[in-house]
>>> print(open('work.cif').read())   # mmCIF, C-alpha atoms, pLDDT in the B column; chains and numbers go by the auth columns
data_input
loop_
_atom_site.group_PDB
_atom_site.id
_atom_site.type_symbol
_atom_site.label_atom_id
_atom_site.label_comp_id
_atom_site.label_asym_id
_atom_site.label_seq_id
_atom_site.Cartn_x
_atom_site.Cartn_y
_atom_site.Cartn_z
_atom_site.B_iso_or_equiv
_atom_site.auth_seq_id
_atom_site.auth_asym_id
ATOM 1 C CA MET A 1 47.894 -41.337 16.607 67.00 1 A
ATOM 2 C CA PRO A 2 44.350 -39.951 16.503 71.00 2 A
ATOM 3 C CA SER A 3 41.673 -41.679 18.483 77.00 3 A
ATOM 4 C CA ALA A 4 38.532 -43.137 16.937 77.00 4 A
ATOM 5 C CA SER A 5 36.398 -40.257 18.232 77.00 5 A
ATOM 6 C CA GLN A 6 38.713 -37.705 16.618 77.00 6 A
ATOM 7 C CA VAL A 7 38.559 -39.520 13.273 75.00 7 A
ATOM 8 C CA LEU A 8 34.803 -39.713 13.560 78.00 8 A
ATOM 9 C CA ARG A 9 34.599 -35.958 14.224 82.00 9 A
ATOM 10 C CA VAL A 10 36.739 -35.179 11.164 76.00 10 A
ATOM 11 C CA VAL A 11 34.622 -37.475 8.985 74.00 11 A
ATOM 12 C CA PHE A 12 31.441 -35.853 10.291 74.00 12 A
ATOM 13 C CA LEU A 13 32.847 -32.358 9.689 75.00 13 A
ATOM 14 C CA LEU A 14 33.843 -33.197 6.106 69.00 14 A
ATOM 15 C CA THR A 15 30.428 -34.740 5.432 75.00 15 A
ATOM 16 C CA ALA A 16 28.672 -31.670 6.798 69.00 16 A
ATOM 17 C CA ILE A 17 30.798 -29.320 4.710 71.00 17 A
ATOM 18 C CA SER A 18 30.145 -31.279 1.534 67.00 18 A
ATOM 19 C CA ALA A 19 26.397 -31.397 2.248 63.00 19 A
ATOM 20 C CA LEU A 20 26.228 -27.659 2.895 60.00 20 A
ATOM 21 C CA SER A 21 28.141 -26.849 -0.263 60.00 21 A
ATOM 22 C CA ALA A 22 25.313 -28.442 -2.250 58.00 22 A
ATOM 23 C CA CYS A 23 22.757 -26.004 -0.801 55.00 23 A
ATOM 24 C CA VAL A 24 21.741 -23.142 -3.054 54.00 24 A
ATOM 25 C CA TYR A 25 20.451 -19.962 -1.453 53.00 25 A
ATOM 26 C CA GLN A 26 17.868 -17.952 -3.389 53.00 26 A
ATOM 27 C CA PRO A 27 15.744 -15.027 -2.242 54.00 27 A
ATOM 28 C CA LEU A 28 12.132 -15.988 -1.702 53.00 28 A
ATOM 29 C CA TYR A 29 10.500 -12.836 -3.072 53.00 29 A
ATOM 30 C CA GLY A 30 13.342 -11.228 -4.975 53.00 30 A
ATOM 31 C CA SER A 31 14.097 -11.641 -8.624 49.00 31 A
ATOM 32 C CA ASN A 32 16.519 -14.372 -9.557 49.00 32 A
ATOM 33 C CA SER A 33 18.036 -15.770 -12.705 44.00 33 A
ATOM 34 C CA TYR A 34 15.478 -18.588 -12.863 44.00 34 A
ATOM 35 C CA ALA A 35 12.384 -16.388 -13.213 53.00 35 A
ATOM 36 C CA PRO A 36 13.284 -12.840 -14.278 53.00 36 A
ATOM 37 C CA GLU A 37 10.255 -12.615 -16.528 64.00 37 A
ATOM 38 C CA ALA A 38 7.906 -13.013 -13.551 66.00 38 A
ATOM 39 C CA SER A 39 9.288 -9.963 -11.761 72.00 39 A
ATOM 40 C CA GLN A 40 9.351 -8.003 -15.030 79.00 40 A
ATOM 41 C CA THR A 41 5.704 -8.825 -15.667 83.00 41 A
ATOM 42 C CA LEU A 42 4.725 -7.830 -12.118 88.00 42 A
ATOM 43 C CA SER A 43 6.590 -4.548 -12.471 87.00 43 A
ATOM 44 C CA ARG A 44 4.302 -3.616 -15.379 90.00 44 A
ATOM 45 C CA ILE A 45 1.257 -3.420 -13.131 92.00 45 A
ATOM 46 C CA ARG A 46 0.066 0.077 -12.249 92.00 46 A
ATOM 47 C CA VAL A 47 -1.876 0.241 -9.001 93.00 47 A
ATOM 48 C CA ALA A 48 -4.856 2.599 -9.189 93.00 48 A
ATOM 49 C CA ASP A 49 -5.482 5.216 -6.515 94.00 49 A
ATOM 50 C CA VAL A 50 -7.545 4.364 -3.434 95.00 50 A
ATOM 51 C CA ASP A 51 -9.510 6.628 -1.113 93.00 51 A
ATOM 52 C CA THR A 52 -8.921 5.353 2.438 94.00 52 A
ATOM 53 C CA ARG A 53 -5.936 5.390 4.781 94.00 53 A
ATOM 54 C CA VAL A 54 -5.826 1.594 5.062 95.00 54 A
ATOM 55 C CA GLY A 55 -6.270 1.325 1.293 95.00 55 A
ATOM 56 C CA GLN A 56 -3.294 3.632 0.854 96.00 56 A
ATOM 57 C CA GLN A 57 -1.225 1.422 3.153 96.00 57 A
ATOM 58 C CA VAL A 58 -2.104 -1.602 0.999 96.00 58 A
ATOM 59 C CA ARG A 59 -1.360 0.324 -2.199 95.00 59 A
ATOM 60 C CA ASN A 60 2.001 1.643 -0.971 94.00 60 A
ATOM 61 C CA ARG A 61 3.181 -1.782 0.176 95.00 61 A
ATOM 62 C CA LEU A 62 1.997 -3.379 -3.056 94.00 62 A
ATOM 63 C CA ILE A 63 3.832 -0.805 -5.192 93.00 63 A
ATOM 64 C CA PHE A 64 6.978 -1.561 -3.232 93.00 64 A
ATOM 65 C CA LEU A 65 6.514 -5.312 -3.691 93.00 65 A
ATOM 66 C CA LEU A 66 5.730 -5.087 -7.402 91.00 66 A
ATOM 67 C CA GLN A 67 8.186 -2.432 -8.558 86.00 67 A
ATOM 68 C CA GLY A 68 10.602 -1.952 -5.689 82.00 68 A
ATOM 69 C CA GLY A 69 8.961 1.378 -4.835 72.00 69 A
ATOM 70 C CA ARG A 70 9.914 3.164 -8.047 74.00 70 A
ATOM 71 C CA GLY A 71 6.478 2.957 -9.692 69.00 71 A
ATOM 72 C CA ALA A 72 5.461 1.294 -12.923 65.00 72 A
ATOM 73 C CA MET A 73 7.446 2.495 -15.927 75.00 73 A
ATOM 74 C CA ASP A 74 5.999 0.609 -18.901 84.00 74 A
ATOM 75 C CA THR A 75 2.502 -0.331 -17.759 87.00 75 A
ATOM 76 C CA THR A 76 0.592 -3.136 -19.389 90.00 76 A
ATOM 77 C CA TYR A 77 -1.927 -3.787 -16.614 93.00 77 A
ATOM 78 C CA GLU A 78 -3.851 -1.761 -14.056 94.00 78 A
ATOM 79 C CA LEU A 79 -4.809 -3.118 -10.665 95.00 79 A
ATOM 80 C CA ARG A 80 -8.015 -1.722 -9.184 96.00 80 A
ATOM 81 C CA LEU A 81 -8.441 -2.261 -5.461 96.00 81 A
ATOM 82 C CA ARG A 82 -11.460 -2.104 -3.170 95.00 82 A
ATOM 83 C CA VAL A 83 -10.314 -2.109 0.452 95.00 83 A
ATOM 84 C CA ASN A 84 -12.538 -2.669 3.481 92.00 84 A
ATOM 85 C CA ASP A 85 -11.374 -2.831 7.067 89.00 85 A
ATOM 86 C CA ASN A 86 -13.170 -3.345 10.332 88.00 86 A
ATOM 87 C CA ALA A 87 -12.147 -3.837 13.933 80.00 87 A
ATOM 88 C CA LYS A 88 -13.879 -6.046 16.448 78.00 88 A
ATOM 89 C CA LEU A 89 -13.387 -6.425 20.163 71.00 89 A
ATOM 90 C CA GLN A 90 -12.899 -9.977 21.347 63.00 90 A
ATOM 91 C CA ALA A 91 -14.134 -9.496 24.905 55.00 91 A
ATOM 92 C CA ALA A 92 -17.648 -10.414 25.951 47.00 92 A
ATOM 93 C CA ALA A 93 -18.082 -7.183 27.879 49.00 93 A
ATOM 94 C CA GLN A 94 -16.955 -4.224 25.782 53.00 94 A
ATOM 95 C CA ASP A 95 -16.175 -1.990 28.740 55.00 95 A
ATOM 96 C CA VAL A 96 -13.746 0.792 27.753 54.00 96 A
ATOM 97 C CA SER A 97 -11.983 0.698 31.117 56.00 97 A
ATOM 98 C CA ALA A 98 -11.279 -3.046 30.894 65.00 98 A
ATOM 99 C CA ASN A 99 -8.315 -4.473 29.048 74.00 99 A
ATOM 100 C CA THR A 100 -9.574 -6.303 25.997 84.00 100 A
ATOM 101 C CA ALA A 101 -8.220 -7.722 22.798 88.00 101 A
ATOM 102 C CA GLY A 102 -9.243 -6.525 19.380 89.00 102 A
ATOM 103 C CA VAL A 103 -8.746 -7.782 15.885 92.00 103 A
ATOM 104 C CA VAL A 104 -8.636 -5.866 12.614 94.00 104 A
ATOM 105 C CA PHE A 105 -9.711 -7.458 9.350 95.00 105 A
ATOM 106 C CA VAL A 106 -8.567 -6.008 6.024 96.00 106 A
ATOM 107 C CA ILE A 107 -10.382 -7.390 2.990 96.00 107 A
ATOM 108 C CA VAL A 108 -9.219 -6.446 -0.497 96.00 108 A
ATOM 109 C CA SER A 109 -11.081 -7.234 -3.701 97.00 109 A
ATOM 110 C CA TYR A 110 -9.155 -6.628 -6.891 97.00 110 A
ATOM 111 C CA ASP A 111 -9.560 -6.483 -10.644 96.00 111 A
ATOM 112 C CA LEU A 112 -6.573 -6.748 -12.974 95.00 112 A
ATOM 113 C CA VAL A 113 -7.293 -4.921 -16.229 95.00 113 A
ATOM 114 C CA ASP A 114 -5.365 -5.211 -19.493 93.00 114 A
ATOM 115 C CA LEU A 115 -4.790 -1.625 -20.592 91.00 115 A
ATOM 116 C CA SER A 116 -4.566 -2.426 -24.315 92.00 116 A
ATOM 117 C CA SER A 117 -8.023 -4.016 -24.536 93.00 117 A
ATOM 118 C CA HIS A 118 -9.574 -2.531 -21.338 92.00 118 A
ATOM 119 C CA THR A 119 -10.808 -5.969 -20.311 94.00 119 A
ATOM 120 C CA ARG A 120 -10.668 -7.550 -16.893 95.00 120 A
ATOM 121 C CA ILE A 121 -8.272 -10.474 -17.052 94.00 121 A
ATOM 122 C CA ALA A 122 -8.245 -11.490 -13.395 94.00 122 A
ATOM 123 C CA SER A 123 -10.109 -10.758 -10.204 95.00 123 A
ATOM 124 C CA GLY A 124 -10.197 -12.037 -6.690 95.00 124 A
ATOM 125 C CA SER A 125 -10.262 -11.246 -3.026 96.00 125 A
ATOM 126 C CA ARG A 126 -7.732 -11.591 -0.227 96.00 126 A
ATOM 127 C CA ARG A 127 -7.941 -10.894 3.471 96.00 127 A
ATOM 128 C CA ALA A 128 -5.658 -10.578 6.460 96.00 128 A
ATOM 129 C CA SER A 129 -6.089 -9.888 10.137 95.00 129 A
ATOM 130 C CA ALA A 130 -4.019 -8.482 12.971 94.00 130 A
ATOM 131 C CA SER A 131 -4.806 -8.439 16.653 93.00 131 A
ATOM 132 C CA TYR A 132 -4.126 -5.683 19.144 92.00 132 A
ATOM 133 C CA ASP A 133 -4.609 -4.923 22.830 91.00 133 A
ATOM 134 C CA ARG A 134 -6.969 -2.283 24.175 88.00 134 A
ATOM 135 C CA THR A 135 -6.385 -0.603 27.518 86.00 135 A
ATOM 136 C CA GLY A 136 -8.020 2.230 29.420 84.00 136 A
ATOM 137 C CA GLN A 137 -5.970 4.841 27.536 88.00 137 A
ATOM 138 C CA SER A 138 -7.729 6.233 24.487 88.00 138 A
ATOM 139 C CA PHE A 139 -4.592 7.422 22.633 92.00 139 A
ATOM 140 C CA ALA A 140 -2.890 4.063 23.154 91.00 140 A
ATOM 141 C CA ASN A 141 -6.017 2.353 21.813 90.00 141 A
ATOM 142 C CA GLU A 142 -6.071 4.527 18.701 92.00 142 A
ATOM 143 C CA ARG A 143 -2.373 3.937 18.066 95.00 143 A
ATOM 144 C CA ALA A 144 -2.707 0.175 18.628 93.00 144 A
ATOM 145 C CA LEU A 145 -5.634 0.058 16.194 93.00 145 A
ATOM 146 C CA ARG A 146 -3.678 2.000 13.563 95.00 146 A
ATOM 147 C CA ASP A 147 -0.622 -0.233 13.998 96.00 147 A
ATOM 148 C CA ALA A 148 -2.791 -3.340 13.626 95.00 148 A
ATOM 149 C CA GLN A 149 -4.364 -1.884 10.473 95.00 149 A
ATOM 150 C CA ASN A 150 -0.881 -1.253 9.050 96.00 150 A
ATOM 151 C CA ARG A 151 0.239 -4.811 9.841 96.00 151 A
ATOM 152 C CA ALA A 152 -2.865 -6.303 8.253 96.00 152 A
ATOM 153 C CA ALA A 153 -2.478 -4.040 5.197 96.00 153 A
ATOM 154 C CA ALA A 154 1.128 -5.175 4.703 96.00 154 A
ATOM 155 C CA GLU A 155 0.126 -8.813 5.036 97.00 155 A
ATOM 156 C CA VAL A 156 -2.741 -8.557 2.556 97.00 156 A
ATOM 157 C CA ALA A 157 -0.396 -6.813 0.096 96.00 157 A
ATOM 158 C CA GLU A 158 1.910 -9.849 0.283 96.00 158 A
ATOM 159 C CA HIS A 159 -1.073 -12.102 -0.451 96.00 159 A
ATOM 160 C CA LEU A 160 -2.061 -9.890 -3.376 96.00 160 A
ATOM 161 C CA ARG A 161 1.411 -10.045 -4.907 95.00 161 A
ATOM 162 C CA LEU A 162 1.334 -13.829 -4.842 94.00 162 A
ATOM 163 C CA ALA A 163 -2.189 -13.898 -6.268 94.00 163 A
ATOM 164 C CA LEU A 164 -1.208 -11.533 -9.097 94.00 164 A
ATOM 165 C CA ALA A 165 1.856 -13.630 -9.930 92.00 165 A
ATOM 166 C CA ALA A 166 -0.360 -16.725 -10.121 91.00 166 A
ATOM 167 C CA ASP A 167 -2.966 -14.919 -12.213 91.00 167 A
ATOM 168 C CA LEU A 168 -0.354 -13.701 -14.702 90.00 168 A
ATOM 169 C CA ALA A 169 1.317 -17.117 -14.853 87.00 169 A
ATOM 170 C CA ASN A 170 -2.035 -18.734 -15.690 86.00 170 A
ATOM 171 C CA LEU A 171 -2.689 -16.049 -18.279 81.00 171 A
ATOM 172 C CA ASN A 172 0.631 -16.664 -20.052 72.00 172 A
ATOM 173 C CA ARG A 173 0.113 -20.434 -20.373 67.00 173 A
#
>>> encode(input="work.cif", output="structure tokens")
Amino acid sequence: MPSASQVLRVVFLLTAISALSACVYQPLYGSNSYAPEASQTLSRIRVADVDTRVGQQVRNRLIFLLQGGRGAMDTTYELRLRVNDNAKLQAAAQDVSANTAGVVFVIVSYDLVDLSSHTRIASGSRRASASYDRTGQSFANERALRDAQNRAAAEVAEHLRLALAADLANLNR
């Protein structure tokens, strides 16, 4: 004969299993059956060329987020980016030999242009930051700065994708 604690464990286990079976897993950024038109609309955005290394990092990440890296096939829109980045040291004394912390800011302004009418249909600005450590080694400092720029560029590209999805959703209402 099972004890009361064993019965309670079985009841708890069955309750947990039934509660978990009601959960529905969906990818956060991937396409799903509920909103395939959103990802199709985003994949029709062509990202214009940029002229800086950090701008190219933003552009590459954004192309991957919008089209899965394959590039726009049937373009309806063009995204024009203006990318600015700057790094600032966070120490009061900016002595090269001292260990300090730095932060990189990447600011992207964008215009979304309808290619059929050549009119701007959306614009905005997004920014991201990434911090990094500076030491007495110049190569390590350069590499840390570049890595921080890459992290900030990837983050701002994520923000841009969400902003573009919102802009296109408001446009289609």
>>> atom_distance(input="work.cif", atom1="atom CA of A:Pro2", atom2="atom CA of A:Thr15")
18.5 Å
>>> resolve_selection(input="work.cif", expression="the PyMOL selection byres ((chain A and resi 165) around 12)", output="PyMOL selection string")
chain A and resi 29+35+37-45+65-66+112+122+158-164+166-172
>>> write_last_selection(input="work.cif", atoms="C-alpha atoms", output="JSON list (two decimals), in the frame of the given file")
[["chain", "number", "residue", "atom", "x", "y", "z"],
["A", 29, "TYR", "CA", 10.50, -12.84, -3.07],
["A", 35, "ALA", "CA", 12.38, -16.39, -13.21],
["A", 37, "GLU", "CA", 10.26, -12.62, -16.53],
["A", 38, "ALA", "CA", 7.91, -13.01, -13.55],
["A", 39, "SER", "CA", 9.29, -9.96, -11.76],
["A", 40, "GLN", "CA", 9.35, -8.00, -15.03],
["A", 41, "THR", "CA", 5.70, -8.82, -15.67],
["A", 42, "LEU", "CA", 4.72, -7.83, -12.12],
["A", 43, "SER", "CA", 6.59, -4.55, -12.47],
["A", 44, "ARG", "CA", 4.30, -3.62, -15.38],
["A", 45, "ILE", "CA", 1.26, -3.42, -13.13],
["A", 65, "LEU", "CA", 6.51, -5.31, -3.69],
["A", 66, "LEU", "CA", 5.73, -5.09, -7.40],
["A", 112, "LEU", "CA", -6.57, -6.75, -12.97],
["A", 122, "ALA", "CA", -8.24, -11.49, -13.40],
["A", 158, "GLU", "CA", 1.91, -9.85, 0.28],
["A", 159, "HIS", "CA", -1.07, -12.10, -0.45],
["A", 160, "LEU", "CA", -2.06, -9.89, -3.38],
["A", 161, "ARG", "CA", 1.41, -10.04, -4.91],
["A", 162, "LEU", "CA", 1.33, -13.83, -4.84],
["A", 163, "ALA", "CA", -2.19, -13.90, -6.27],
["A", 164, "LEU", "CA", -1.21, -11.53, -9.10],
["A", 166, "ALA", "CA", -0.36, -16.73, -10.12],
["A", 167, "ASP", "CA", -2.97, -14.92, -12.21],
["A", 168, "LEU", "CA", -0.35, -13.70, -14.70],
["A", 169, "ALA", "CA", 1.32, -17.12, -14.85],
["A", 170, "ASN", "CA", -2.04, -18.73, -15.69],
["A", 171, "LEU", "CA", -2.69, -16.05, -18.28],
["A", 172, "ASN", "CA", 0.63, -16.66, -20.05]]
>>> closest_residue(input="work.cif", among="A:Asn99, A:Ser125, A:Gln6, A:Ser131", to="A:Asp111", atoms="all atoms listed in the file")
A:Ser125
>>> closest_residue(input="work.cif", among="A:Ile63, A:Leu145, A:Val108, A:Val103", to="A:Ser123", atoms="all atoms listed in the file")
A:Val108
>>> atom_distance(input="work.cif", atom1="atom CA of A:Arg126", atom2="atom CA of A:Arg70")
24.3 Å
>>> residues_around(input="work.cif", residues="stretch 76-92 of chain A", least_positions_apart="4", cutoff="6 Å", atoms="all atoms listed in the file", output="ChimeraX atom specification")
/A:44-48,55,100-115
>>> atom_distance(input="work.cif", atom1="atom CA of A:Asp147", atom2="atom CA of A:Val58")
13.2 Å
>>> residues_around(input="work.cif", residues="A:Arg53", least_positions_apart="4", cutoff="10 Å", atoms="all atoms listed in the file", output="PyMOL selection string")
chain A and resi 57-59+83+146+149-150
>>> write_last_selection(input="work.cif", atoms="C-alpha atoms", output="short mmCIF file (atom, residue, chain, number, x, y, z; two decimals), in the coordinates of the input")
data_model
loop_
_atom_site.label_atom_id
_atom_site.label_comp_id
_atom_site.auth_asym_id
_atom_site.auth_seq_id
_atom_site.Cartn_x
_atom_site.Cartn_y
_atom_site.Cartn_z
CA GLN A 57 -1.23 1.42 3.15
CA VAL A 58 -2.10 -1.60 1.00
CA ARG A 59 -1.36 0.32 -2.20
CA VAL A 83 -10.31 -2.11 0.45
CA ARG A 146 -3.68 2.00 13.56
CA GLN A 149 -4.36 -1.88 10.47
CA ASN A 150 -0.88 -1.25 9.05
#
